[in-house]
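Q: Here it is: the structure, laid out below.
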Amino acid sequence: MTTTWADAGRHSGTRCVALCLVGAASTGAGLLLPAALGRTLDLLLAHAPATRWVLSCAGLVLLAALLDACETVLTGTVDARTTAWLRRRLTGHVLALGPRATARFGPGDLVARLVGNAAQAGTAPAARAALLAALAGPVGGVVALGLIDPWLAAVFLAGAPVLTLLLKAFARDTSRSVAEYQRVQGRIATALAEAVDGRRTVRAAGTADREAARILRPLPELSRAGQRMWRVQGRAAGQASAVAPLLQLGVVAVAGVLLTRHRLTVGELLAASRYAVLAAGVGVLVGQFASLARARAAAGRVDEVLAEPAPAYGDRRLPRGPGRLELRGVTVRRGGRTVLDGVDLVVPGGTTLALVGRSGTGKSLLAALAGRLDDPDAGEILLDGVELRELSHDELRGAVGYAFERPALLGTTVEDALTLGLPSPSPARVREAARTAHADGFVRRLPQGYATPCAGAPRSGGETQRLGLARAFAHGGRLLILDDALSSLDTVTESRIAEALLSRGTGGTRLLVAHRAATAARADAVAWLEGGRIRAVGTHARLWRDAEYRSVFGGPDD
């Protein structure tokens, strides 16, 4: 299992060592200062020359300030670099998972983990280094007290177990409250992403206020988790603040007694009082433990995503072939429900097969399986006789092209979006694909044509689909899968694109998710899905004789 907590530390190992060394040096300067001040005071009270010691104190103060500045810069650098590394790793894994990632976690929760939790987990290495430096202060303070007089260390250590128990309880309680707080944040992010995705529906229904209330419904729970988190920290700090002064008072009292017995000097009394403060520096430790708890909880949420197994690829290449697609006993279960059940299907190379069926019968899922955007729970899928799992990543993606109902146009310009995934894009090939998809005309009318930035290219839903089709046509390959990629086109444009697509003579195999009878009629064969199984395979004309098949398209039952 992936352990972000450990991996982040290994990634930033060298810088963390440097941070530990700088923190230790800063703590060391802080520990030397009380002794130097005490020695200076003794010399001044004795009217002895103290210039060298005064300069030493000034040098220690300047050194501590310089080391603190270095520690701040190093901490920021380690945090930023670790966060960037985590985000790259998490983003790559989410993209490798494909649709399974959003199905498992939801887009909003994924964004929350990628943005917020990765940033919080990225602070873990620096937080651990800072905790070690923070621990060095109390430990060094106790050692210094022992060097001044063993009784001073003994008095302090008598109450140390109480502080230890307080810190242990704090670490346990704060971990639970932080994990709950981050979980509720993820729920809110999921609801927000859903609302943004359906913003037109919300506006059309006039339910913006109701939707806002739905998104913010977990806020009281988030507030309770946040208050519980700060109460835990406040209670720990308060309890520590109550115990620490008693320990400091005990040390000073014993030091006073030793002073009256001439076992300590006034300077050593001053140093002992400062070392008692350092030894009881629980407030700093509480803050460090809180930071560490938040980082650990965030790392756990990142681990949940990274623990999802990404698809493994083989190293085989495809033999020469027409693109014959075969599904053998394919079964897929989602949420305890069998969506596809033992599907057997053969699409001869160079032909076009339309997938039809009512909503929820698994058409888009089968289309995703055919190009290995998802994997079945049982069965196998072969392209020209080779199981898809055995193909290398580049071989598979080079052989299969996709167009979707709502294509994402990724890239700086329109031409970048159309050449996505092409190893050596040709402008002539891109423009030919755009003409086939009837997209060339409106692209040329854009302010900068194919060089128009995607963000500044006004387009309708149908025009966006045509760009998605153009990208799929430019990709080529021996298998082209259109997952409801014609749904936003008007009837005339769809007819023209379908005619051009099916008469290109490329020899490739085409798999279409069809909702219109006219589209299914143009295919060489139709696979009729019902109840997660293939009910029938045949030509559209033959299947049209069945009243139940006609009803899939809203046609007459008799």
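Residues in the structure tokens are numbered from 1 in each chain, the chains being A, B, ... in the order shown, and ligands are numbered from 1 in the order shown.
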Near Gly9 (chain A), within 9 Å and counting only C-alpha atoms, which residues show up once chain neighbours fewer than 2 positions away are dropped, as a list in words?
A: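 With the cut-off at 9 Å, the set is Thr4, Trp5, Ala6, Asp7, His11, Ser12, Gly13, Cys16, Thr82, Ala124, Pro125, Ala126 and Arg128 of chain A.
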Q: Next, write the just-selected residues to a file, as a PDB file, in the first residue's frame, keeping N, CA and C atoms as the atom set.
A:
```pdb
ATOM      1  N   THR A   4       2.036   7.903   1.591  1.00  0.00           N
ATOM      2  CA  THR A   4       2.449   9.271   1.274  1.00  0.00           C
ATOM      3  C   THR A   4       3.294   9.846   2.392  1.00  0.00           C
ATOM      4  N   TRP A   5       2.946   9.504   3.617  1.00  0.00           N
ATOM      5  CA  TRP A   5       3.652  10.004   4.795  1.00  0.00           C
ATOM      6  C   TRP A   5       5.152   9.699   4.700  1.00  0.00           C
ATOM      7  N   ALA A   6       5.484   8.457   4.335  1.00  0.00           N
ATOM      8  CA  ALA A   6       6.892   8.065   4.236  1.00  0.00           C
ATOM      9  C   ALA A   6       7.516   8.522   2.928  1.00  0.00           C
ATOM     10  N   ASP A   7       6.762   8.398   1.828  1.00  0.00           N
ATOM     11  CA  ASP A   7       7.308   8.755   0.521  1.00  0.00           C
ATOM     12  C   ASP A   7       7.640  10.239   0.428  1.00  0.00           C
ATOM     13  N   HIS A  11      11.266  11.813  -0.510  1.00  0.00           N
ATOM     14  CA  HIS A  11      11.431  12.740  -1.630  1.00  0.00           C
ATOM     15  C   HIS A  11      12.189  13.998  -1.214  1.00  0.00           C
ATOM     16  N   SER A  12      11.910  14.481   0.008  1.00  0.00           N
ATOM     17  CA  SER A  12      12.540  15.719   0.484  1.00  0.00           C
ATOM     18  C   SER A  12      13.647  15.430   1.487  1.00  0.00           C
ATOM     19  N   GLY A  13      14.199  14.230   1.422  1.00  0.00           N
ATOM     20  CA  GLY A  13      15.154  13.796   2.439  1.00  0.00           C
ATOM     21  C   GLY A  13      16.327  14.732   2.653  1.00  0.00           C
ATOM     22  N   CYS A  16      15.267  18.010   4.115  1.00  0.00           N
ATOM     23  CA  CYS A  16      14.816  17.825   5.500  1.00  0.00           C
ATOM     24  C   CYS A  16      16.000  17.685   6.450  1.00  0.00           C
ATOM     25  N   THR A  82       7.549  19.657  -1.977  1.00  0.00           N
ATOM     26  CA  THR A  82       6.852  18.408  -1.647  1.00  0.00           C
ATOM     27  C   THR A  82       5.413  18.449  -2.123  1.00  0.00           C
ATOM     28  N   ALA A 124       4.265  17.801   5.691  1.00  0.00           N
ATOM     29  CA  ALA A 124       4.676  16.758   6.638  1.00  0.00           C
ATOM     30  C   ALA A 124       6.192  16.694   6.856  1.00  0.00           C
ATOM     31  N   PRO A 125       7.023  16.652   5.795  1.00  0.00           N
ATOM     32  CA  PRO A 125       8.467  16.555   6.040  1.00  0.00           C
ATOM     33  C   PRO A 125       9.009  17.711   6.869  1.00  0.00           C
ATOM     34  N   ALA A 126       8.608  18.943   6.514  1.00  0.00           N
ATOM     35  CA  ALA A 126       9.091  20.105   7.274  1.00  0.00           C
ATOM     36  C   ALA A 126       8.541  20.094   8.687  1.00  0.00           C
ATOM     37  N   ARG A 128       7.847  17.467  10.516  1.00  0.00           N
ATOM     38  CA  ARG A 128       8.608  16.496  11.307  1.00  0.00           C
ATOM     39  C   ARG A 128       9.978  17.052  11.693  1.00  0.00           C
TER      40      ARG A 128
END
```
Q: Set the distance at 10 Å and use only C-alpha atoms: which residues neighbour region 23-32 of chain A once local chain neighbours fewer than 3 positions away are removed? I'd like the list as an MDAnalysis selection string.
A: chainID A and resid 17:20 35:37 56:57 59:72 129:138 140:141 144 271 274:275 278
Q: Quick check for you: according to DSSP on this backbone, which residues of region 338-514 of chain A are classed as strand (DSSP E)? Reply as an NGL selection string.
A: :A and (338-347 or 352-356 or 378-383 or 386-387 or 400-404 or 479-483 or 509-513)
Q: Keeping N, CA, C and O atoms, export the residues of the selection given above as a short mmCIF file (atom, residue, chain, number, x, y, z; two decimals), in the first residue's frame.
A:
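Final file, result_15.cif:
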```cif
data_model
loop_
_atom_site.label_atom_id
_atom_site.label_comp_id
_atom_site.auth_asym_id
_atom_site.auth_seq_id
_atom_site.Cartn_x
_atom_site.Cartn_y
_atom_site.Cartn_z
N THR A 338 -25.02 -5.71 -11.03
CA THR A 338 -24.40 -6.19 -12.26
C THR A 338 -24.91 -5.36 -13.41
O THR A 338 -26.09 -5.44 -13.78
N VAL A 339 -24.02 -4.55 -14.00
CA VAL A 339 -24.42 -3.67 -15.11
C VAL A 339 -24.33 -4.40 -16.44
O VAL A 339 -25.21 -4.29 -17.28
N LEU A 340 -23.24 -5.14 -16.64
CA LEU A 340 -23.09 -5.99 -17.82
C LEU A 340 -22.89 -7.42 -17.33
O LEU A 340 -22.07 -7.66 -16.45
N ASP A 341 -23.59 -8.35 -17.95
CA ASP A 341 -23.60 -9.71 -17.44
C ASP A 341 -23.27 -10.70 -18.55
O ASP A 341 -24.11 -11.03 -19.39
N GLY A 342 -22.01 -11.15 -18.56
CA GLY A 342 -21.60 -12.19 -19.50
C GLY A 342 -21.78 -11.80 -20.96
O GLY A 342 -22.28 -12.61 -21.76
N VAL A 343 -21.36 -10.61 -21.32
CA VAL A 343 -21.56 -10.12 -22.70
C VAL A 343 -20.57 -10.77 -23.65
O VAL A 343 -19.35 -10.73 -23.42
N ASP A 344 -21.07 -11.36 -24.71
CA ASP A 344 -20.26 -11.89 -25.81
C ASP A 344 -20.63 -11.11 -27.07
O ASP A 344 -21.81 -11.01 -27.42
N LEU A 345 -19.63 -10.56 -27.73
CA LEU A 345 -19.91 -9.72 -28.89
C LEU A 345 -18.68 -9.72 -29.80
O LEU A 345 -17.54 -9.62 -29.32
N VAL A 346 -18.92 -9.81 -31.11
CA VAL A 346 -17.85 -9.75 -32.10
C VAL A 346 -18.20 -8.66 -33.11
O VAL A 346 -19.31 -8.63 -33.64
N VAL A 347 -17.23 -7.75 -33.32
CA VAL A 347 -17.39 -6.71 -34.33
C VAL A 347 -16.33 -6.98 -35.40
O VAL A 347 -15.13 -6.78 -35.16
N THR A 352 -19.04 -1.26 -39.04
CA THR A 352 -19.59 -0.32 -38.06
C THR A 352 -20.70 -1.01 -37.28
O THR A 352 -21.63 -1.58 -37.88
N LEU A 353 -20.58 -0.97 -35.96
CA LEU A 353 -21.60 -1.55 -35.09
C LEU A 353 -22.20 -0.44 -34.24
O LEU A 353 -21.48 0.34 -33.62
N ALA A 354 -23.53 -0.37 -34.22
CA ALA A 354 -24.24 0.60 -33.37
C ALA A 354 -24.72 -0.11 -32.11
O ALA A 354 -25.28 -1.21 -32.18
N LEU A 355 -24.47 0.51 -30.97
CA LEU A 355 -24.99 0.01 -29.69
C LEU A 355 -26.26 0.78 -29.37
O LEU A 355 -26.25 2.01 -29.29
N VAL A 356 -27.36 0.08 -29.18
CA VAL A 356 -28.62 0.74 -28.84
C VAL A 356 -29.19 0.08 -27.59
O VAL A 356 -28.86 -1.06 -27.25
N ALA A 378 -14.89 -9.44 -14.97
CA ALA A 378 -14.66 -10.79 -15.49
C ALA A 378 -14.74 -10.74 -17.01
O ALA A 378 -15.35 -9.84 -17.58
N GLY A 379 -14.10 -11.69 -17.63
CA GLY A 379 -14.10 -11.74 -19.09
C GLY A 379 -12.89 -11.05 -19.68
O GLY A 379 -12.02 -10.54 -18.97
N GLU A 380 -12.83 -11.06 -21.01
CA GLU A 380 -11.71 -10.43 -21.69
C GLU A 380 -12.18 -9.75 -22.97
O GLU A 380 -13.22 -10.08 -23.53
N ILE A 381 -11.37 -8.76 -23.39
CA ILE A 381 -11.68 -7.98 -24.60
C ILE A 381 -10.44 -8.04 -25.49
O ILE A 381 -9.32 -7.75 -25.03
N LEU A 382 -10.64 -8.38 -26.76
CA LEU A 382 -9.52 -8.57 -27.67
C LEU A 382 -9.67 -7.64 -28.89
O LEU A 382 -10.78 -7.40 -29.37
N LEU A 383 -8.54 -7.14 -29.34
CA LEU A 383 -8.48 -6.36 -30.57
C LEU A 383 -7.49 -7.06 -31.50
O LEU A 383 -6.31 -7.21 -31.16
N VAL A 386 -5.57 -9.84 -29.75
CA VAL A 386 -4.70 -9.56 -28.60
C VAL A 386 -5.55 -8.97 -27.47
O VAL A 386 -6.31 -8.01 -27.69
N GLU A 387 -5.42 -9.56 -26.28
CA GLU A 387 -6.16 -9.05 -25.12
C GLU A 387 -5.68 -7.62 -24.81
O GLU A 387 -4.48 -7.36 -24.80
N VAL A 400 -6.75 3.09 -30.70
CA VAL A 400 -8.15 3.38 -30.38
C VAL A 400 -8.36 4.89 -30.29
O VAL A 400 -7.64 5.58 -29.57
N GLY A 401 -9.35 5.38 -31.03
CA GLY A 401 -9.74 6.79 -30.96
C GLY A 401 -11.13 6.91 -30.36
O GLY A 401 -11.96 6.02 -30.52
N TYR A 402 -11.36 8.03 -29.66
CA TYR A 402 -12.64 8.24 -28.97
C TYR A 402 -13.21 9.61 -29.32
O TYR A 402 -12.48 10.59 -29.51
N ALA A 403 -14.54 9.68 -29.36
CA ALA A 403 -15.27 10.95 -29.36
C ALA A 403 -16.42 10.80 -28.37
O ALA A 403 -17.07 9.74 -28.31
N PHE A 404 -16.64 11.85 -27.56
CA PHE A 404 -17.60 11.75 -26.47
C PHE A 404 -18.75 12.75 -26.65
O PHE A 404 -18.68 13.69 -27.46
N LEU A 479 -9.55 1.34 -34.47
CA LEU A 479 -10.85 1.27 -33.81
C LEU A 479 -11.26 2.67 -33.39
O LEU A 479 -10.53 3.36 -32.68
N LEU A 480 -12.42 3.11 -33.85
CA LEU A 480 -12.95 4.42 -33.52
C LEU A 480 -14.25 4.22 -32.74
O LEU A 480 -15.17 3.54 -33.22
N ILE A 481 -14.32 4.80 -31.54
CA ILE A 481 -15.49 4.64 -30.67
C ILE A 481 -16.15 5.99 -30.48
O ILE A 481 -15.52 6.94 -30.02
N LEU A 482 -17.43 6.08 -30.85
CA LEU A 482 -18.20 7.31 -30.68
C LEU A 482 -19.24 7.07 -29.60
O LEU A 482 -20.22 6.35 -29.82
N ASP A 483 -19.01 7.64 -28.42
CA ASP A 483 -19.91 7.45 -27.29
C ASP A 483 -20.91 8.61 -27.25
O ASP A 483 -20.67 9.64 -26.64
N THR A 509 -12.47 -0.09 -37.77
CA THR A 509 -13.72 -0.54 -37.14
C THR A 509 -14.32 0.62 -36.37
O THR A 509 -13.59 1.37 -35.71
N ARG A 510 -15.66 0.73 -36.41
CA ARG A 510 -16.33 1.84 -35.73
C ARG A 510 -17.41 1.29 -34.80
O ARG A 510 -18.21 0.45 -35.21
N LEU A 511 -17.41 1.80 -33.58
CA LEU A 511 -18.41 1.42 -32.58
C LEU A 511 -19.13 2.69 -32.16
O LEU A 511 -18.52 3.63 -31.67
N LEU A 512 -20.46 2.73 -32.37
CA LEU A 512 -21.23 3.92 -32.09
C LEU A 512 -22.30 3.65 -31.05
O LEU A 512 -23.01 2.64 -31.13
N VAL A 513 -22.41 4.53 -30.05
CA VAL A 513 -23.56 4.52 -29.15
C VAL A 513 -24.61 5.39 -29.82
O VAL A 513 -24.42 6.59 -30.01
#
```
Q: Here is a test: counting only C-alpha atoms, which residue of A:Arg522, A:Arg10, A:Arg466, A:Arg261 is nearest to Asp440 (chain A)?
A: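 Nearest candidate to Asp440 (chain A) out of A:Arg522, A:Arg10, A:Arg466, A:Arg261: A:Arg466.
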Q: Mind giving me the straight-line distance from CA of Gly146 (chain A) to CA of Ala255 (chain A) in Å, one decimal?
A: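 So the answer is 11.7 Å.
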Q: Pick the closest to Ala276 (chain A) from A:Gly98, A:Gly476, A:Pro34, A:Gly92: which is it, counting only C-alpha atoms?
A: A:Pro34
Q: Would you mind reading off the distance between CA of Ala189 (chain A) and CA of Gln227 (chain A), one decimal, in Å?
A: 19.8 Å
Q: Of the candidates A:Leu219, A:Leu249, A:Ala191, A:Ala293, which shows the shortest atom-to-atom distance to Ser175 (chain A), using only C-alpha atoms?
A: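 Result for the nearest residue to Ser175 (chain A): A:Ala293.
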Q: Tell me, as a list of chain:residue names, which residues lie within 6 Å of region 108-111 of chain A, counting only C-alpha atoms; anything in the same chain fewer than 2 positions away does not count.
A: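 After dropping sequence-adjacent residues, the list is A:Gly106, A:Arg113, A:Leu114, A:Val115, A:Gly186, A:Ala189, A:Thr190, A:Ala193.
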Q: Could you tell me how far CA of Arg39 (chain A) sits from CA of Leu246 (chain A), in Å to one decimal place?
A: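 These atoms are spaced 26.0 Å apart.
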Q: Restricting the calculation to only C-alpha atoms: of A:Asp384, A:Glu530, A:Glu304, A:Asp315, which residue gets closest to Gly349 (chain A)?
A: A:Asp384
Q: Nearest to Ala525 (chain A): which of A:Leu366, A:Arg104, A:Val251, A:Pro348 is it, counting only C-alpha atoms?
A: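 Selected residue with least distance to Ala525 (chain A): A:Pro348.
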Q: Using only C-alpha atoms, determine which residues lie at most 12 Å from Leu41 (chain A), disregarding the query and same-chain residues fewer than 3 positions distant; provide the list as a PyMOL selection string.
A: chain A and resi 34-38+44-51+53-54+57+265-271
Q: Do a neighbour search on Arg429 (chain A) at 12 Å with only C-alpha atoms, toss out local chain neighbours closer than 2 positions, and write the hits as a VMD selection string.
A: chain A and resid 415 418 to 419 422 424 to 427 431 to 436 440 470 to 476
Q: Could you write out, as number ranges by chain, all the residues of region 308-498 of chain A that DSSP marks as alpha helix (DSSP H)?
A: A: 363-370, 393-399, 414-418, 427-436, 440-444, 461-475, 491-498
